[in-house]
$ cat my_file_29.pdb   # PDB, C-alpha atoms
ATOM      1  CA  MET M  18     -24.883  32.491  36.396  1.00  0.00           C
ATOM      2  CA  LEU M  19     -24.668  29.054  34.792  1.00  0.00           C
ATOM      3  CA  ARG M  20     -24.349  29.051  31.037  1.00  0.00           C
ATOM      4  CA  LYS M  21     -25.449  26.058  29.044  1.00  0.00           C
ATOM      5  CA  ASN M  22     -22.774  24.685  26.750  1.00  0.00           C
ATOM      6  CA  ARG M  23     -24.714  22.813  24.113  1.00  0.00           C
ATOM      7  CA  ASP M  24     -27.109  20.508  25.997  1.00  0.00           C
ATOM      8  CA  TYR M  25     -25.272  20.420  29.317  1.00  0.00           C
ATOM      9  CA  TYR M  26     -23.569  22.625  31.886  1.00  0.00           C
ATOM     10  CA  SER M  27     -19.805  22.421  32.014  1.00  0.00           C
ATOM     11  CA  TYR M  28     -18.173  21.032  35.139  1.00  0.00           C
ATOM     12  CA  GLU M  29     -16.261  24.303  35.564  1.00  0.00           C
ATOM     13  CA  ASP M  30     -19.472  26.353  35.541  1.00  0.00           C
ATOM     14  CA  ILE M  31     -21.091  24.117  38.145  1.00  0.00           C
ATOM     15  CA  ILE M  32     -18.038  24.212  40.442  1.00  0.00           C
ATOM     16  CA  LYS M  33     -17.754  27.992  40.128  1.00  0.00           C
ATOM     17  CA  GLN M  34     -21.382  28.405  41.146  1.00  0.00           C
ATOM     18  CA  SER M  35     -21.813  25.715  43.806  1.00  0.00           C
ATOM     19  CA  LEU M  36     -22.815  26.975  47.226  1.00  0.00           C
ATOM     20  CA  LEU M  37     -20.272  24.822  49.035  1.00  0.00           C
ATOM     21  CA  ALA M  38     -17.415  25.935  46.785  1.00  0.00           C
ATOM     22  CA  HIS M  39     -18.492  29.546  47.238  1.00  0.00           C
ATOM     23  CA  LYS M  40     -18.721  29.349  51.045  1.00  0.00           C
ATOM     24  CA  TYR M  41     -15.825  26.944  51.765  1.00  0.00           C
ATOM     25  CA  ALA M  42     -13.308  29.668  52.615  1.00  0.00           C
ATOM     26  CA  ARG M  43     -15.728  31.099  55.192  1.00  0.00           C
ATOM     27  CA  ILE M  44     -16.449  27.793  56.959  1.00  0.00           C
ATOM     28  CA  LYS M  45     -14.347  27.213  60.043  1.00  0.00           C
ATOM     29  CA  GLY M  46     -12.818  23.786  60.332  1.00  0.00           C
ATOM     30  CA  SER M  47     -10.927  21.325  58.208  1.00  0.00           C
ATOM     31  CA  GLN M  48     -11.777  19.866  54.827  1.00  0.00           C
ATOM     32  CA  GLU M  49     -12.867  16.787  56.743  1.00  0.00           C
ATOM     33  CA  ASP M  50     -15.331  18.831  58.832  1.00  0.00           C
ATOM     34  CA  VAL M  51     -16.804  20.474  55.744  1.00  0.00           C
ATOM     35  CA  ALA M  52     -17.122  17.138  53.940  1.00  0.00           C
ATOM     36  CA  THR M  53     -18.683  15.488  56.999  1.00  0.00           C
ATOM     37  CA  VAL M  54     -21.290  18.181  57.590  1.00  0.00           C
ATOM     38  CA  SER M  55     -22.081  18.262  53.868  1.00  0.00           C
ATOM     39  CA  LEU M  56     -22.523  14.493  53.657  1.00  0.00           C
ATOM     40  CA  GLN M  57     -24.718  14.446  56.753  1.00  0.00           C
ATOM     41  CA  TYR M  58     -26.869  17.245  55.319  1.00  0.00           C
ATOM     42  CA  LEU M  59     -27.315  15.408  52.023  1.00  0.00           C
ATOM     43  CA  LEU M  60     -28.113  12.101  53.737  1.00  0.00           C
ATOM     44  CA  SER M  61     -30.691  13.819  55.928  1.00  0.00           C
ATOM     45  CA  SER M  62     -32.247  15.721  53.039  1.00  0.00           C
ATOM     46  CA  TYR M  63     -32.581  13.098  50.323  1.00  0.00           C
ATOM     47  CA  ALA M  64     -34.150   9.695  51.035  1.00  0.00           C
ATOM     48  CA  GLU M  65     -32.948   8.217  47.731  1.00  0.00           C
ATOM     49  CA  LEU M  66     -29.366   9.219  48.455  1.00  0.00           C
ATOM     50  CA  ARG M  67     -29.603   7.874  52.004  1.00  0.00           C
ATOM     51  CA  GLU M  68     -30.930   4.557  50.666  1.00  0.00           C
ATOM     52  CA  SER M  69     -28.109   4.297  48.121  1.00  0.00           C
ATOM     53  CA  PHE M  70     -25.533   5.191  50.792  1.00  0.00           C
ATOM     54  CA  ASN M  71     -26.961   2.535  53.108  1.00  0.00           C
ATOM     55  CA  VAL M  72     -26.755  -0.096  50.372  1.00  0.00           C
ATOM     56  CA  LEU M  73     -23.200   0.944  49.498  1.00  0.00           C
ATOM     57  CA  ILE M  74     -21.843   0.742  53.033  1.00  0.00           C
ATOM     58  CA  SER M  75     -23.924  -2.202  54.217  1.00  0.00           C
ATOM     59  CA  GLU M  76     -24.637  -4.715  51.489  1.00  0.00           C
ATOM     60  CA  LYS M  77     -21.660  -3.887  49.262  1.00  0.00           C
ATOM     61  CA  GLN M  78     -19.071  -3.471  52.033  1.00  0.00           C
ATOM     62  CA  LEU M  79     -20.238  -5.161  55.245  1.00  0.00           C
ATOM     63  CA  ASP M  80     -22.838  -7.733  54.199  1.00  0.00           C
ATOM     64  CA  VAL M  81     -25.451  -6.358  56.627  1.00  0.00           C
ATOM     65  CA  THR M  82     -28.739  -4.497  56.185  1.00  0.00           C
ATOM     66  CA  ILE M  83     -29.345  -0.949  57.363  1.00  0.00           C
ATOM     67  CA  SER M  84     -32.866   0.385  57.778  1.00  0.00           C
ATOM     68  CA  PRO M  85     -33.811   3.116  55.287  1.00  0.00           C
ATOM     69  CA  GLU M  86     -35.177   5.113  58.228  1.00  0.00           C
ATOM     70  CA  VAL M  87     -31.732   5.533  59.816  1.00  0.00           C
ATOM     71  CA  ASN M  88     -31.099   9.119  60.938  1.00  0.00           C
ATOM     72  CA  TYR M  89     -27.541  10.407  60.463  1.00  0.00           C
ATOM     73  CA  LEU M  90     -26.028  12.907  62.931  1.00  0.00           C
ATOM     74  CA  CYS M  91     -22.585  14.555  63.030  1.00  0.00           C
ATOM     75  CA  GLN M  92     -20.002  14.138  65.776  1.00  0.00           C
ATOM     76  CA  VAL M  93     -22.164  12.613  68.485  1.00  0.00           C
ATOM     77  CA  THR M  94     -20.062  11.673  71.517  1.00  0.00           C
ATOM     78  CA  GLY M  95     -20.546   8.115  72.773  1.00  0.00           C
ATOM     79  CA  LYS M  96     -20.451   6.687  76.287  1.00  0.00           C
ATOM     80  CA  ASN M  97     -16.710   6.028  76.138  1.00  0.00           C
ATOM     81  CA  GLY M  98     -15.765   9.422  74.682  1.00  0.00           C
ATOM     82  CA  GLU M  99     -15.688   8.203  71.095  1.00  0.00           C
ATOM     83  CA  ARG M 100     -16.879  10.718  68.538  1.00  0.00           C
ATOM     84  CA  PRO M 101     -17.350   9.371  65.022  1.00  0.00           C
ATOM     85  CA  ASP M 102     -17.739  11.881  62.221  1.00  0.00           C
ATOM     86  CA  ILE M 103     -21.221  10.554  61.405  1.00  0.00           C
ATOM     87  CA  ALA M 104     -23.406   8.174  63.412  1.00  0.00           C
ATOM     88  CA  GLY M 105     -26.578   6.545  62.117  1.00  0.00           C
ATOM     89  CA  PHE M 106     -29.408   5.939  64.574  1.00  0.00           C
ATOM     90  CA  SER M 107     -32.502   3.783  64.231  1.00  0.00           C
ATOM     91  CA  ALA M 108     -35.992   5.072  65.047  1.00  0.00           C
ATOM     92  CA  ASN M 109     -35.580   3.822  68.639  1.00  0.00           C
ATOM     93  CA  ARG M 110     -32.235   5.698  68.986  1.00  0.00           C
ATOM     94  CA  GLU M 111     -29.986   2.650  68.637  1.00  0.00           C
ATOM     95  CA  GLU M 112     -26.623   3.427  67.077  1.00  0.00           C
ATOM     96  CA  ASN M 113     -26.408   1.317  63.902  1.00  0.00           C
ATOM     97  CA  VAL M 114     -23.759   2.990  61.763  1.00  0.00           C
ATOM     98  CA  LEU M 115     -20.467   4.768  62.467  1.00  0.00           C
ATOM     99  CA  CYS M 116     -18.685   6.637  59.661  1.00  0.00           C
ATOM    100  CA  GLU M 117     -15.274   8.255  59.621  1.00  0.00           C
ATOM    101  CA  VAL M 118     -14.348  10.704  56.855  1.00  0.00           C
ATOM    102  CA  LYS M 119     -10.610  10.531  56.204  1.00  0.00           C
ATOM    103  CA  PHE M 120      -8.341  12.713  54.107  1.00  0.00           C
ATOM    104  CA  PHE M 121      -4.884  11.134  54.177  1.00  0.00           C
ATOM    105  CA  ALA M 122      -5.137  10.174  57.870  1.00  0.00           C
ATOM    106  CA  GLY M 123      -5.584   7.010  59.874  1.00  0.00           C
ATOM    107  CA  LEU M 124      -7.893   6.261  62.771  1.00  0.00           C
ATOM    108  CA  THR M 125      -6.944   7.619  66.185  1.00  0.00           C
ATOM    109  CA  ASP M 126      -6.986   5.531  69.375  1.00  0.00           C
ATOM    110  CA  ASN M 127     -10.404   6.949  70.306  1.00  0.00           C
ATOM    111  CA  GLN M 128     -12.110   6.019  67.012  1.00  0.00           C
ATOM    112  CA  PRO M 129     -14.031   2.781  66.351  1.00  0.00           C
ATOM    113  CA  ARG M 130     -12.257   0.027  64.470  1.00  0.00           C
TER
END
$ encode --input "my_file_29.pdb" --output "structure tokens"
Amino acid sequence: MLRKNRDYYSYEDIIKQSLLAHKYARIKGSQEDVATVSLQYLLSSYAELRESFNVLISEKQLDVTISPEVNYLCQVTGKNGERPDIAGFSANREENVLCEVKFFAGLTDNQPR
């Protein structure tokens, strides 16, 4: 149970009670897999977050525009065997965004550059 400390919840209380933190040890896969699936879930669930993510990776990093209607999917295998952690597809199923989640690792030969 979360306990309010003054007018806010402490970071420790939130971490102790978060669903992901609670279930992490039971999820098969690496930290990268857990982070990827979690990010994809959040992007698919919250339009405001998806819009902010799109702005961050497109306008702030790549100087391109990404449609707010992009649909993010995890580990979709492409025509050449590539399998990005997260791929963003337009309404007409065009691949517009490829994301790789990295924890102290570089890209492999089969990942987009």
$ residues_around --input "my_file_29.pdb" --residues "stretch 98-106 of chain M" --least-positions-apart "6" --cutoff "9 Å" --atoms "all atoms listed in the file" --output "PDB file with C-alpha atoms, in the coordinates of the input"
ATOM      1  CA  GLU M  49     -12.867  16.787  56.743  1.00  0.00           C
ATOM      2  CA  ASP M  50     -15.331  18.831  58.832  1.00  0.00           C
ATOM      3  CA  THR M  53     -18.683  15.488  56.999  1.00  0.00           C
ATOM      4  CA  VAL M  54     -21.290  18.181  57.590  1.00  0.00           C
ATOM      5  CA  LEU M  56     -22.523  14.493  53.657  1.00  0.00           C
ATOM      6  CA  GLN M  57     -24.718  14.446  56.753  1.00  0.00           C
ATOM      7  CA  GLU M  86     -35.177   5.113  58.228  1.00  0.00           C
ATOM      8  CA  VAL M  87     -31.732   5.533  59.816  1.00  0.00           C
ATOM      9  CA  ASN M  88     -31.099   9.119  60.938  1.00  0.00           C
ATOM     10  CA  TYR M  89     -27.541  10.407  60.463  1.00  0.00           C
ATOM     11  CA  LEU M  90     -26.028  12.907  62.931  1.00  0.00           C
ATOM     12  CA  CYS M  91     -22.585  14.555  63.030  1.00  0.00           C
ATOM     13  CA  GLN M  92     -20.002  14.138  65.776  1.00  0.00           C
ATOM     14  CA  GLU M 112     -26.623   3.427  67.077  1.00  0.00           C
ATOM     15  CA  ASN M 113     -26.408   1.317  63.902  1.00  0.00           C
ATOM     16  CA  VAL M 114     -23.759   2.990  61.763  1.00  0.00           C
ATOM     17  CA  LEU M 115     -20.467   4.768  62.467  1.00  0.00           C
ATOM     18  CA  CYS M 116     -18.685   6.637  59.661  1.00  0.00           C
ATOM     19  CA  GLU M 117     -15.274   8.255  59.621  1.00  0.00           C
ATOM     20  CA  VAL M 118     -14.348  10.704  56.855  1.00  0.00           C
ATOM     21  CA  ASN M 127     -10.404   6.949  70.306  1.00  0.00           C
ATOM     22  CA  GLN M 128     -12.110   6.019  67.012  1.00  0.00           C
ATOM     23  CA  PRO M 129     -14.031   2.781  66.351  1.00  0.00           C
TER      24      PRO M 129
END
$ atom_distance --input "my_file_29.pdb" --atom1 "atom CA of M:Tyr63" --atom2 "atom CA of M:Gly95"
26.0 Å
$ atom_distance --input "my_file_29.pdb" --atom1 "atom CA of M:Gln48" --atom2 "atom CA of M:Ile74"
21.7 Å
$ atom_distance --input "my_file_29.pdb" --atom1 "atom CA of M:Leu66" --atom2 "atom CA of M:Lys96"
29.3 Å
$ closest_residue --input "my_file_29.pdb" --among "M:Ala52, M:Ile83, M:Val72, M:Ser47" --to "M:Ser107" --atoms "only C-alpha atoms"
M:Ile83
$ residues_around --input "my_file_29.pdb" --residues "M:Thr82" --least-positions-apart "6" --cutoff "9 Å" --atoms "all atoms listed in the file" --output "compact mmCIF listing (two decimals) with C-alpha atoms, in the frame of the given file"
# COMPACT_ATOMS: atom_id res chain seq x y z
CA ASN M 71 -26.96 2.54 53.11
CA VAL M 72 -26.76 -0.10 50.37
CA SER M 75 -23.92 -2.20 54.22
CA GLU M 76 -24.64 -4.72 51.49
$ build_atoms --input "my_file_29.pdb" --residues "stretch 104-115 of chain M" --atoms "all heavy atoms" --output "PDB file, keeping the file's coordinate frame"
ATOM      1  N   ALA M 104     -22.794   9.354  62.796  1.00  0.00           N
ATOM      2  CA  ALA M 104     -23.406   8.174  63.412  1.00  0.00           C
ATOM      3  C   ALA M 104     -24.828   8.046  62.882  1.00  0.00           C
ATOM      4  O   ALA M 104     -25.537   9.041  62.746  1.00  0.00           O
ATOM      5  CB  ALA M 104     -23.418   8.299  64.932  1.00  0.00           C
ATOM      6  N   GLY M 105     -25.222   6.818  62.589  1.00  0.00           N
ATOM      7  CA  GLY M 105     -26.578   6.545  62.117  1.00  0.00           C
ATOM      8  C   GLY M 105     -27.381   5.878  63.209  1.00  0.00           C
ATOM      9  O   GLY M 105     -26.936   4.894  63.801  1.00  0.00           O
ATOM     10  N   PHE M 106     -28.551   6.434  63.497  1.00  0.00           N
ATOM     11  CA  PHE M 106     -29.408   5.939  64.574  1.00  0.00           C
ATOM     12  C   PHE M 106     -30.729   5.426  64.017  1.00  0.00           C
ATOM     13  O   PHE M 106     -31.309   6.036  63.120  1.00  0.00           O
ATOM     14  CB  PHE M 106     -29.696   7.060  65.576  1.00  0.00           C
ATOM     15  CG  PHE M 106     -28.473   7.503  66.330  1.00  0.00           C
ATOM     16  CD1 PHE M 106     -27.675   8.519  65.842  1.00  0.00           C
ATOM     17  CD2 PHE M 106     -28.130   6.898  67.525  1.00  0.00           C
ATOM     18  CE1 PHE M 106     -26.539   8.927  66.537  1.00  0.00           C
ATOM     19  CE2 PHE M 106     -27.003   7.296  68.223  1.00  0.00           C
ATOM     20  CZ  PHE M 106     -26.199   8.312  67.724  1.00  0.00           C
ATOM     21  N   SER M 107     -31.198   4.334  64.601  1.00  0.00           N
ATOM     22  CA  SER M 107     -32.502   3.783  64.231  1.00  0.00           C
ATOM     23  C   SER M 107     -33.600   4.642  64.856  1.00  0.00           C
ATOM     24  O   SER M 107     -33.324   5.536  65.653  1.00  0.00           O
ATOM     25  CB  SER M 107     -32.620   2.340  64.723  1.00  0.00           C
ATOM     26  OG  SER M 107     -32.613   2.314  66.139  1.00  0.00           O
ATOM     27  N   ALA M 108     -34.845   4.325  64.509  1.00  0.00           N
ATOM     28  CA  ALA M 108     -35.992   5.072  65.047  1.00  0.00           C
ATOM     29  C   ALA M 108     -36.054   5.010  66.568  1.00  0.00           C
ATOM     30  O   ALA M 108     -36.517   5.952  67.215  1.00  0.00           O
ATOM     31  CB  ALA M 108     -37.294   4.551  64.444  1.00  0.00           C
ATOM     32  N   ASN M 109     -35.560   3.921  67.166  1.00  0.00           N
ATOM     33  CA  ASN M 109     -35.580   3.822  68.639  1.00  0.00           C
ATOM     34  C   ASN M 109     -34.243   4.241  69.262  1.00  0.00           C
ATOM     35  O   ASN M 109     -33.926   3.843  70.370  1.00  0.00           O
ATOM     36  CB  ASN M 109     -35.984   2.411  69.088  1.00  0.00           C
ATOM     37  CG  ASN M 109     -35.071   1.343  68.558  1.00  0.00           C
ATOM     38  OD1 ASN M 109     -34.182   1.618  67.767  1.00  0.00           O
ATOM     39  ND2 ASN M 109     -35.301   0.115  68.977  1.00  0.00           N
ATOM     40  N   ARG M 110     -33.478   5.061  68.516  1.00  0.00           N
ATOM     41  CA  ARG M 110     -32.235   5.698  68.986  1.00  0.00           C
ATOM     42  C   ARG M 110     -31.086   4.721  69.223  1.00  0.00           C
ATOM     43  O   ARG M 110     -30.186   4.990  70.002  1.00  0.00           O
ATOM     44  CB  ARG M 110     -32.473   6.545  70.238  1.00  0.00           C
ATOM     45  CG  ARG M 110     -33.470   7.663  70.085  1.00  0.00           C
ATOM     46  CD  ARG M 110     -32.966   8.840  69.302  1.00  0.00           C
ATOM     47  NE  ARG M 110     -31.819   9.467  69.943  1.00  0.00           N
ATOM     48  CZ  ARG M 110     -30.905  10.164  69.271  1.00  0.00           C
ATOM     49  NH1 ARG M 110     -31.014  10.334  67.983  1.00  0.00           N
ATOM     50  NH2 ARG M 110     -29.873  10.696  69.891  1.00  0.00           N
ATOM     51  N   GLU M 111     -31.113   3.571  68.571  1.00  0.00           N
ATOM     52  CA  GLU M 111     -29.986   2.650  68.637  1.00  0.00           C
ATOM     53  C   GLU M 111     -28.960   3.051  67.594  1.00  0.00           C
ATOM     54  O   GLU M 111     -29.302   3.311  66.443  1.00  0.00           O
ATOM     55  CB  GLU M 111     -30.439   1.214  68.368  1.00  0.00           C
ATOM     56  CG  GLU M 111     -31.268   0.613  69.465  1.00  0.00           C
ATOM     57  CD  GLU M 111     -31.707  -0.805  69.130  1.00  0.00           C
ATOM     58  OE1 GLU M 111     -31.449  -1.271  67.998  1.00  0.00           O
ATOM     59  OE2 GLU M 111     -32.316  -1.431  70.000  1.00  0.00           O
ATOM     60  N   GLU M 112     -27.703   3.090  67.995  1.00  0.00           N
ATOM     61  CA  GLU M 112     -26.623   3.427  67.077  1.00  0.00           C
ATOM     62  C   GLU M 112     -26.358   2.230  66.174  1.00  0.00           C
ATOM     63  O   GLU M 112     -25.996   1.164  66.639  1.00  0.00           O
ATOM     64  CB  GLU M 112     -25.385   3.768  67.894  1.00  0.00           C
ATOM     65  CG  GLU M 112     -24.295   4.421  67.111  1.00  0.00           C
ATOM     66  CD  GLU M 112     -23.165   4.839  68.033  1.00  0.00           C
ATOM     67  OE1 GLU M 112     -22.438   3.940  68.495  1.00  0.00           O
ATOM     68  OE2 GLU M 112     -23.038   6.041  68.307  1.00  0.00           O
ATOM     69  N   ASN M 113     -26.565   2.413  64.861  1.00  0.00           N
ATOM     70  CA  ASN M 113     -26.408   1.317  63.902  1.00  0.00           C
ATOM     71  C   ASN M 113     -25.213   1.477  62.978  1.00  0.00           C
ATOM     72  O   ASN M 113     -24.716   0.493  62.445  1.00  0.00           O
ATOM     73  CB  ASN M 113     -27.653   1.173  63.021  1.00  0.00           C
ATOM     74  CG  ASN M 113     -28.876   0.769  63.798  1.00  0.00           C
ATOM     75  OD1 ASN M 113     -29.818   1.537  63.880  1.00  0.00           O
ATOM     76  ND2 ASN M 113     -28.866  -0.412  64.376  1.00  0.00           N
ATOM     77  N   VAL M 114     -24.802   2.715  62.746  1.00  0.00           N
ATOM     78  CA  VAL M 114     -23.759   2.990  61.763  1.00  0.00           C
ATOM     79  C   VAL M 114     -22.789   4.021  62.334  1.00  0.00           C
ATOM     80  O   VAL M 114     -23.215   5.010  62.936  1.00  0.00           O
ATOM     81  CB  VAL M 114     -24.364   3.564  60.457  1.00  0.00           C
ATOM     82  CG1 VAL M 114     -23.287   3.857  59.431  1.00  0.00           C
ATOM     83  CG2 VAL M 114     -25.417   2.647  59.880  1.00  0.00           C
ATOM     84  N   LEU M 115     -21.498   3.785  62.134  1.00  0.00           N
ATOM     85  CA  LEU M 115     -20.467   4.768  62.467  1.00  0.00           C
ATOM     86  C   LEU M 115     -19.640   5.012  61.212  1.00  0.00           C
ATOM     87  O   LEU M 115     -19.190   4.064  60.576  1.00  0.00           O
ATOM     88  CB  LEU M 115     -19.556   4.265  63.586  1.00  0.00           C
ATOM     89  CG  LEU M 115     -20.220   3.973  64.913  1.00  0.00           C
ATOM     90  CD1 LEU M 115     -19.197   3.395  65.889  1.00  0.00           C
ATOM     91  CD2 LEU M 115     -20.857   5.219  65.498  1.00  0.00           C
TER      92      LEU M 115
END
